[in-house]
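Novice: After the structure tokens below, expect a handful of questions from me.
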Amino acid sequence: MSEEIKPVVEETADVAKQEQETPIVEEVKETLVNYGEKTLAELATLFQELKESADRMKRSKEAEALKSAFYKRLSREKAEAGEDAAVEEPDENSAPEENTVPLQSGPVSPFAAIEAGFKALYMEYKKERAEYNKELDAQREENLQKKQAIIEELKALVEEPGDMKEAFPKFRDIQNRWREVGPVPQQNFRDINDTYQLHVTKFYDLVDINRELRDLDFKKNLEAKTAFCEQAEALGQDEDVVEAFKELQKLHEQWKDLGPVAKEFRDEIWERFRAATSVINKRYQAHFEGMKAQQADNLEAKQALCEEVEAIANKEITSSTEWNALSKQIEEIQAKWRTIGFATRKENQKVYDRFRAACDKFFERKRASFSEFKDSMNANLEKKMAIIAEAEQLKDSTDWKATGDRFIELQKQWKEIGAVPRKKSEQIWKRFRAACDAFFTARDNRPDGPGSLGANLAAKKALIESIKAYVPVDAEADAAAAKDFAAKWNEIGFVPFKEKDKIQAEYREALQAKFPDFGGRRHERGASRGGERRPLSEKDKLKEQFNALQQEILTYENNIGFFGLSKGAEKLKAQMQERIDAAKAKLEELKAQIRAKEQEETQE
């Protein structure tokens, strides 16, 4: 063997060693996709989109995952609908079917059509994929034959190389055509590749390569392998670790197809490529270790949410308000669930099924509770309609005392009865309130009833007429008469609110006209001291305002008790409550002013 051939033989042995040390390529893990939350229609749509995609033949695992999710959901929904939950999943051995709903003697299941449609889609896809796989197998067989033919050419070249200036270009052409041929059947890959490498080695071992051509070949190989190293080093900085790992595998395949480099660069270039490979492999491993840890954290977080929903689903709930509040709470938990990533492949579906079961349990209980609540509201409606019927029958009664007491009792019963259907609430409240108002308005405005507002108004009007008819006598007699009129006025009770200011003005006008020294800005309750009239003090004026305001508050509070639970009634309640709050605040101001006046009198 010549001295020129020896380095090439050593190169070939080193190449074999490097290929043996090249990391075994693992299949890139598929991204987890959770189809558990998809509806049957959504799953069918996703499968239709997959079937129409350009890369559909490379997405067989995704197709199988969609099929499994579809039939699992179909089984669950059929069970929830009270149907037989058994389903028959098609596989590659299933015969194609027409996309029709099977004839049934009884009612057609609402699931039959979508099941038949999905099954037809799946069978079309499986048929197309079978053809695709068949074509791939045929192509691989064809590639095998091509590579076998190339090996025969290489073998012939090794056996009779002839002039090396002509043999070497033929050898390079054989290498190029070898790389251009696609994959062969998996079971033939190692044998065909080993046979090819054997004859390549023989070519380098047996042929006295022209040094110039060999050096040029070494140089080209070194340039190519240096470029591979640079690409691998760049991939080590790529943020997409999975994609970088996939690209690295392609570089390794191309590296194997290249010939050797000069001996002095052999170890250096291989160590550089191996170092770059190690960086990517470590990042790839760390990526999946981190993903595994994150998935474990996600599982723990999802289990905690399951416990929250299960606690809510088992809680004793007694009111619609609490049901609605807890429903909102569960919706917030569901939104939080969607922000958490996947759990481990083994546990992800289990924890989702647990979460879904707890949510379903809560909302099923809520539906049952609201059904009972609806029955209760209808019963309450019947009770309130009976009260309305009695109130409308009593509203024209003139038995003021007994009927008034009965109305108060009916109002009390009305408050104690629970809610009625919302669309009826305001309507029946208006009817009941109208009956109450009709009776109490008639009672309070009757002219002849002792103690009624109407009777008080009539008494005050009569008193005003008495003042107008009074004939002055002398100062002392007039003072006594004025004091007597004021006392009688104050003994008369309240009048209808809308008449209060008017009758008060008439009274003061009449009093001032007959008793100018007593009336005017003097209070009708002006007391005499030693026979002399005294003007109404500021404290008395404040007390008068205080008493009047107290009465107004009592009236407001009595009225607010008659408002119902409808939207309109709530608005009236709010307005009335604002008046009460304002009046009470004014009371506190008056109280403080009265105390201040009392302190001033004490100091004097």
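Just remember, in the structure tokens the first chain shown is A, the second B, etc., residues are 1-based per chain, and ligands are 1-based in the order shown.
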Could you list, as a list in words, every residue within 12 Å of Glu322 of chain A, counting only C-alpha atoms and ignoring same-chain residues fewer than 4 positions away?
Specialist: Ile312, Lys315, Glu316, Ile317, Thr318, Leu326, Ser327, Lys328, Gln329, Lys366, Ser369 and Phe370 of chain A
Novice: Okay, now the selection with N, CA and C atoms, as a PDB file, in the first residue's frame?
Specialist:
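Resulting contents of part_7.pdb:
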ATOM      1  N   ILE A 312     -67.404  23.178  46.842  1.00  0.00           N
ATOM      2  CA  ILE A 312     -68.582  23.986  46.504  1.00  0.00           C
ATOM      3  C   ILE A 312     -69.734  23.082  46.081  1.00  0.00           C
ATOM      4  N   LYS A 315     -71.518  21.646  49.033  1.00  0.00           N
ATOM      5  CA  LYS A 315     -71.946  22.598  50.059  1.00  0.00           C
ATOM      6  C   LYS A 315     -73.468  22.637  50.166  1.00  0.00           C
ATOM      7  N   GLU A 316     -73.947  22.880  51.384  1.00  0.00           N
ATOM      8  CA  GLU A 316     -75.392  23.030  51.608  1.00  0.00           C
ATOM      9  C   GLU A 316     -75.777  24.450  51.226  1.00  0.00           C
ATOM     10  N   ILE A 317     -76.653  24.612  50.266  1.00  0.00           N
ATOM     11  CA  ILE A 317     -77.022  25.927  49.737  1.00  0.00           C
ATOM     12  C   ILE A 317     -78.526  26.110  49.893  1.00  0.00           C
ATOM     13  N   THR A 318     -78.917  27.269  50.414  1.00  0.00           N
ATOM     14  CA  THR A 318     -80.329  27.452  50.773  1.00  0.00           C
ATOM     15  C   THR A 318     -81.026  28.578  50.031  1.00  0.00           C
ATOM     16  N   LEU A 326     -72.155  31.409  44.087  1.00  0.00           N
ATOM     17  CA  LEU A 326     -71.265  30.256  43.924  1.00  0.00           C
ATOM     18  C   LEU A 326     -71.070  29.904  42.453  1.00  0.00           C
ATOM     19  N   SER A 327     -72.093  30.144  41.630  1.00  0.00           N
ATOM     20  CA  SER A 327     -71.946  29.914  40.186  1.00  0.00           C
ATOM     21  C   SER A 327     -70.864  30.827  39.623  1.00  0.00           C
ATOM     22  N   LYS A 328     -70.902  32.086  40.043  1.00  0.00           N
ATOM     23  CA  LYS A 328     -69.880  33.032  39.598  1.00  0.00           C
ATOM     24  C   LYS A 328     -68.502  32.605  40.084  1.00  0.00           C
ATOM     25  N   GLN A 329     -68.455  32.081  41.309  1.00  0.00           N
ATOM     26  CA  GLN A 329     -67.176  31.618  41.855  1.00  0.00           C
ATOM     27  C   GLN A 329     -66.623  30.451  41.026  1.00  0.00           C
ATOM     28  N   LYS A 366     -77.804  22.804  40.999  1.00  0.00           N
ATOM     29  CA  LYS A 366     -78.397  24.133  40.844  1.00  0.00           C
ATOM     30  C   LYS A 366     -79.670  24.066  40.012  1.00  0.00           C
ATOM     31  N   SER A 369     -82.350  22.639  42.143  1.00  0.00           N
ATOM     32  CA  SER A 369     -82.777  23.591  43.168  1.00  0.00           C
ATOM     33  C   SER A 369     -83.665  24.683  42.577  1.00  0.00           C
ATOM     34  N   PHE A 370     -83.272  25.190  41.402  1.00  0.00           N
ATOM     35  CA  PHE A 370     -84.055  26.265  40.802  1.00  0.00           C
ATOM     36  C   PHE A 370     -85.397  25.743  40.302  1.00  0.00           C
TER      37      PHE A 370
END
Novice: List the spatial neighbours of Leu136 of chain A as a PyMOL selection string - criterion: any atom at most 10 Å away, only C-alpha atoms, same-chain residues fewer than 4 positions off excluded.
Specialist: chain A and resi 130-132+140-142+183-185
Novice: Can you pull out every residue within 8 Å of segment 68-82 of chain A, counting only C-alpha atoms, but drop anything in the same chain fewer than 3 positions away, and send it as a list of chain:residue names?
Specialist: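 Skipping anything fewer than 3 positions along the chain leaves A:Tyr35, A:Gly36, A:Thr39, A:Leu40, A:Leu43, A:Ala44, A:Glu64, A:Ala65, A:Ala85, A:Ala86, A:Val87, A:Glu89, A:Phe111, A:Glu115.
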Novice: Would you mind exporting the chosen residues as a compact mmCIF listing (two decimals), in the first residue's frame, restricted to all heavy atoms?
Specialist:
# COMPACT_ATOMS: atom_id res chain seq x y z
N TYR A 35 -58.15 17.90 23.84
CA TYR A 35 -59.42 17.98 23.14
C TYR A 35 -60.59 17.70 24.08
O TYR A 35 -61.74 17.67 23.64
CB TYR A 35 -59.45 16.95 22.01
CG TYR A 35 -58.43 17.21 20.93
CD1 TYR A 35 -57.42 16.29 20.67
CD2 TYR A 35 -58.46 18.38 20.17
CE1 TYR A 35 -56.48 16.52 19.69
CE2 TYR A 35 -57.51 18.62 19.19
CZ TYR A 35 -56.52 17.69 18.95
OH TYR A 35 -55.59 17.91 17.98
N GLY A 36 -60.33 17.50 25.38
CA GLY A 36 -61.39 17.11 26.30
C GLY A 36 -62.46 18.17 26.47
O GLY A 36 -63.59 17.86 26.80
N THR A 39 -66.50 20.44 22.01
CA THR A 39 -67.80 19.81 21.77
C THR A 39 -67.69 18.84 20.60
O THR A 39 -66.69 18.81 19.87
CB THR A 39 -68.86 20.87 21.44
OG1 THR A 39 -68.49 21.51 20.20
CG2 THR A 39 -68.93 21.92 22.55
N LEU A 40 -68.75 18.02 20.41
CA LEU A 40 -68.74 17.08 19.29
C LEU A 40 -68.61 17.82 17.96
O LEU A 40 -67.86 17.41 17.08
CB LEU A 40 -70.03 16.25 19.31
CG LEU A 40 -70.16 15.25 20.47
CD1 LEU A 40 -71.54 14.61 20.45
CD2 LEU A 40 -69.08 14.18 20.40
N LEU A 43 -65.03 19.08 17.50
CA LEU A 43 -64.11 17.99 17.17
C LEU A 43 -64.28 17.56 15.72
O LEU A 43 -63.30 17.30 15.01
CB LEU A 43 -64.34 16.81 18.11
CG LEU A 43 -63.93 17.03 19.58
CD1 LEU A 43 -64.47 15.91 20.45
CD2 LEU A 43 -62.41 17.11 19.69
N ALA A 44 -65.54 17.49 15.25
CA ALA A 44 -65.78 17.12 13.86
C ALA A 44 -65.20 18.18 12.92
O ALA A 44 -64.60 17.85 11.89
CB ALA A 44 -67.28 16.96 13.62
N GLU A 64 -55.78 10.44 15.16
CA GLU A 64 -56.22 9.41 16.10
C GLU A 64 -56.65 10.01 17.43
O GLU A 64 -57.60 9.55 18.07
CB GLU A 64 -55.10 8.38 16.31
CG GLU A 64 -54.79 7.53 15.09
CD GLU A 64 -56.00 6.74 14.63
OE1 GLU A 64 -56.65 6.12 15.48
OE2 GLU A 64 -56.31 6.77 13.42
N ALA A 65 -55.93 11.06 17.86
CA ALA A 65 -56.30 11.73 19.12
C ALA A 65 -57.67 12.39 18.99
O ALA A 65 -58.50 12.34 19.92
CB ALA A 65 -55.25 12.77 19.49
N ALA A 85 -74.67 4.30 26.24
CA ALA A 85 -73.39 5.00 26.10
C ALA A 85 -72.41 4.25 25.23
O ALA A 85 -71.34 4.76 24.92
CB ALA A 85 -72.78 5.26 27.48
N ALA A 86 -72.72 3.03 24.83
CA ALA A 86 -71.78 2.23 24.04
C ALA A 86 -71.60 2.85 22.66
O ALA A 86 -72.56 3.27 22.02
CB ALA A 86 -72.29 0.80 23.90
N VAL A 87 -70.35 2.96 22.20
CA VAL A 87 -70.04 3.48 20.86
C VAL A 87 -69.08 2.51 20.19
O VAL A 87 -68.33 1.79 20.84
CB VAL A 87 -69.41 4.88 20.92
CG1 VAL A 87 -70.40 5.88 21.47
CG2 VAL A 87 -68.14 4.86 21.77
N GLU A 89 -66.03 2.54 17.79
CA GLU A 89 -65.01 3.35 17.12
C GLU A 89 -64.50 2.62 15.88
O GLU A 89 -64.16 1.43 15.95
CB GLU A 89 -63.83 3.63 18.05
CG GLU A 89 -64.17 4.51 19.22
CD GLU A 89 -62.93 4.92 19.99
OE1 GLU A 89 -61.86 5.02 19.37
OE2 GLU A 89 -63.05 5.11 21.19
N PHE A 111 -77.70 12.13 18.24
CA PHE A 111 -76.25 11.93 18.07
C PHE A 111 -75.94 11.13 16.81
O PHE A 111 -74.77 11.06 16.39
CB PHE A 111 -75.68 11.19 19.28
CG PHE A 111 -75.89 11.92 20.58
CD1 PHE A 111 -76.86 11.50 21.48
CD2 PHE A 111 -75.13 13.04 20.90
CE1 PHE A 111 -77.06 12.17 22.67
CE2 PHE A 111 -75.32 13.70 22.09
CZ PHE A 111 -76.28 13.28 22.98
N GLU A 115 -72.48 11.42 14.49
CA GLU A 115 -71.61 10.25 14.59
C GLU A 115 -71.35 9.67 13.20
O GLU A 115 -70.21 9.33 12.85
CB GLU A 115 -72.24 9.20 15.49
CG GLU A 115 -71.37 7.94 15.64
CD GLU A 115 -72.01 6.88 16.52
OE1 GLU A 115 -73.16 7.10 16.95
OE2 GLU A 115 -71.37 5.85 16.76
Novice: Provide the atom CA of Tyr507 of chain A to atom CA of Glu589 of chain A distance in Å, to one decimal place.
Specialist: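 Atom CA of Tyr507 of chain A sits 27.9 Å away from atom CA of Glu589 of chain A.
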Novice: Residues of segment 231-278 of chain A that have any atom at most 12 Å from an atom of segment 163-175 of chain A: could you tabulate them with the shortest-distance atom pair and the distance in Å to one decimal, using only C-alpha atoms, ordered by chain and increasing number, as CSV?
Specialist:
residue,atom,partner,partner_atom,distance
A:Lys256,CA,A:Gln175,CA,11.8
A:Asp257,CA,A:Gln175,CA,8.1
A:Leu258,CA,A:Gln175,CA,8.7
A:Gly259,CA,A:Gln175,CA,9.2
Novice: Measuring between only C-alpha atoms, which one of A:Arg443, A:Glu509, A:Ala482, A:Lys155 shows the shortest distance to Leu198 of chain A?
Specialist: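 Selected residue with least distance to Leu198 of chain A: A:Lys155.
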Novice: What is the atom CA of Ile333 of chain A to atom CA of Phe288 of chain A distance in Å?
Specialist: 28.2 Å
Novice: For Gly493 of chain A, which residue among A:Leu542, A:Ala434, A:Ala455, A:Ala505 is the nearest when counting only C-alpha atoms?
Specialist: A:Ala455
Novice: Using only C-alpha atoms, which residues sit within 10 Å of Lys586 of chain A once same-chain residues fewer than 6 positions away are excluded, as a PDB file with C-alpha atoms, in the first residue's frame?
Specialist:
ATOM      1  CA  GLN A 545     -89.351  72.045  63.080  1.00  0.00           C
ATOM      2  CA  PHE A 546     -87.968  69.032  64.976  1.00  0.00           C
ATOM      3  CA  LEU A 549     -89.648  66.440  60.799  1.00  0.00           C
ATOM      4  CA  ILE A 580     -85.398  59.422  55.351  1.00  0.00           C
ATOM      5  CA  ALA A 592     -77.659  70.323  68.180  1.00  0.00           C
TER       6      ALA A 592
END
Novice: Rank A:Ala574, A:Ala368, A:Met291, A:Ala358 by their smallest atom-to-atom distance to Ala313 of chain A, using only C-alpha atoms, and report the top residue only.
Specialist: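 Under the stated criterion, the closest residue is A:Ala358.
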Novice: For a test of reading the model, state the distance in Å between atom CA of Glu152 of chain A and atom CA of Trp255 of chain A, rounded to one decimal.
Specialist: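 Between atom CA of Glu152 of chain A and atom CA of Trp255 of chain A the gap works out to 23.4 Å.
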Novice: Give the answer as one residue: which of A:Leu121, A:Val261, A:Val309, A:Met57 has the shortest atom-to-atom distance to Glu135 of chain A, using only C-alpha atoms?
Specialist: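 The closest residue to Glu135 of chain A is A:Met57.
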Novice: So that I can check the surroundings of Phe485 of chain A, please list as number ranges by chain every protein, DNA and RNA residue that reaches within 12 Å of it, counting only C-alpha atoms and ignoring chain neighbours fewer than 2 positions away.
Specialist: A: 460, 462-468, 470, 478-483, 487-492, 507-508, 510-512, 514-515, 518-519, 523-526
Novice: Under the rule that only C-alpha atoms are counted, which of A:Gln254, A:Asp194, A:Leu305, A:Arg345 is the nearest residue to Glu332 of chain A?
Specialist: A:Leu305
Novice: Could you give me, as a PyMOL selection string, the residues within 10 Å of segment 234-240 of chain A, counting only C-alpha atoms and dropping anything in the same chain fewer than 3 positions from it?
Specialist: chain A and resi 228-231+243-248+276-284+287
Novice: Restricting the output to C-alpha atoms, write the selected residues as a PDB file, in the first residue's frame.
Specialist:
ATOM      1  CA  PHE A 228     -22.021  22.115   9.796  1.00  0.00           C
ATOM      2  CA  CYS A 229     -20.211  23.052  13.012  1.00  0.00           C
ATOM      3  CA  GLU A 230     -21.197  26.700  12.612  1.00  0.00           C
ATOM      4  CA  GLN A 231     -24.813  25.741  11.996  1.00  0.00           C
ATOM      5  CA  GLU A 243     -36.838  22.738  16.530  1.00  0.00           C
ATOM      6  CA  ALA A 244     -33.075  23.129  17.102  1.00  0.00           C
ATOM      7  CA  PHE A 245     -32.855  19.462  18.085  1.00  0.00           C
ATOM      8  CA  LYS A 246     -34.689  18.423  14.916  1.00  0.00           C
ATOM      9  CA  GLU A 247     -32.354  20.478  12.749  1.00  0.00           C
ATOM     10  CA  LEU A 248     -29.347  18.956  14.520  1.00  0.00           C
ATOM     11  CA  ALA A 276     -22.011  21.771  19.607  1.00  0.00           C
ATOM     12  CA  THR A 277     -24.137  18.607  19.584  1.00  0.00           C
ATOM     13  CA  SER A 278     -23.650  18.197  23.337  1.00  0.00           C
ATOM     14  CA  VAL A 279     -24.890  21.744  24.003  1.00  0.00           C
ATOM     15  CA  ILE A 280     -28.102  21.143  22.035  1.00  0.00           C
ATOM     16  CA  ASN A 281     -28.673  17.717  23.575  1.00  0.00           C
ATOM     17  CA  LYS A 282     -28.307  19.117  27.098  1.00  0.00           C
ATOM     18  CA  ARG A 283     -30.676  21.997  26.356  1.00  0.00           C
ATOM     19  CA  TYR A 284     -33.131  19.549  24.809  1.00  0.00           C
ATOM     20  CA  HIS A 287     -36.264  21.519  28.223  1.00  0.00           C
TER      21      HIS A 287
END
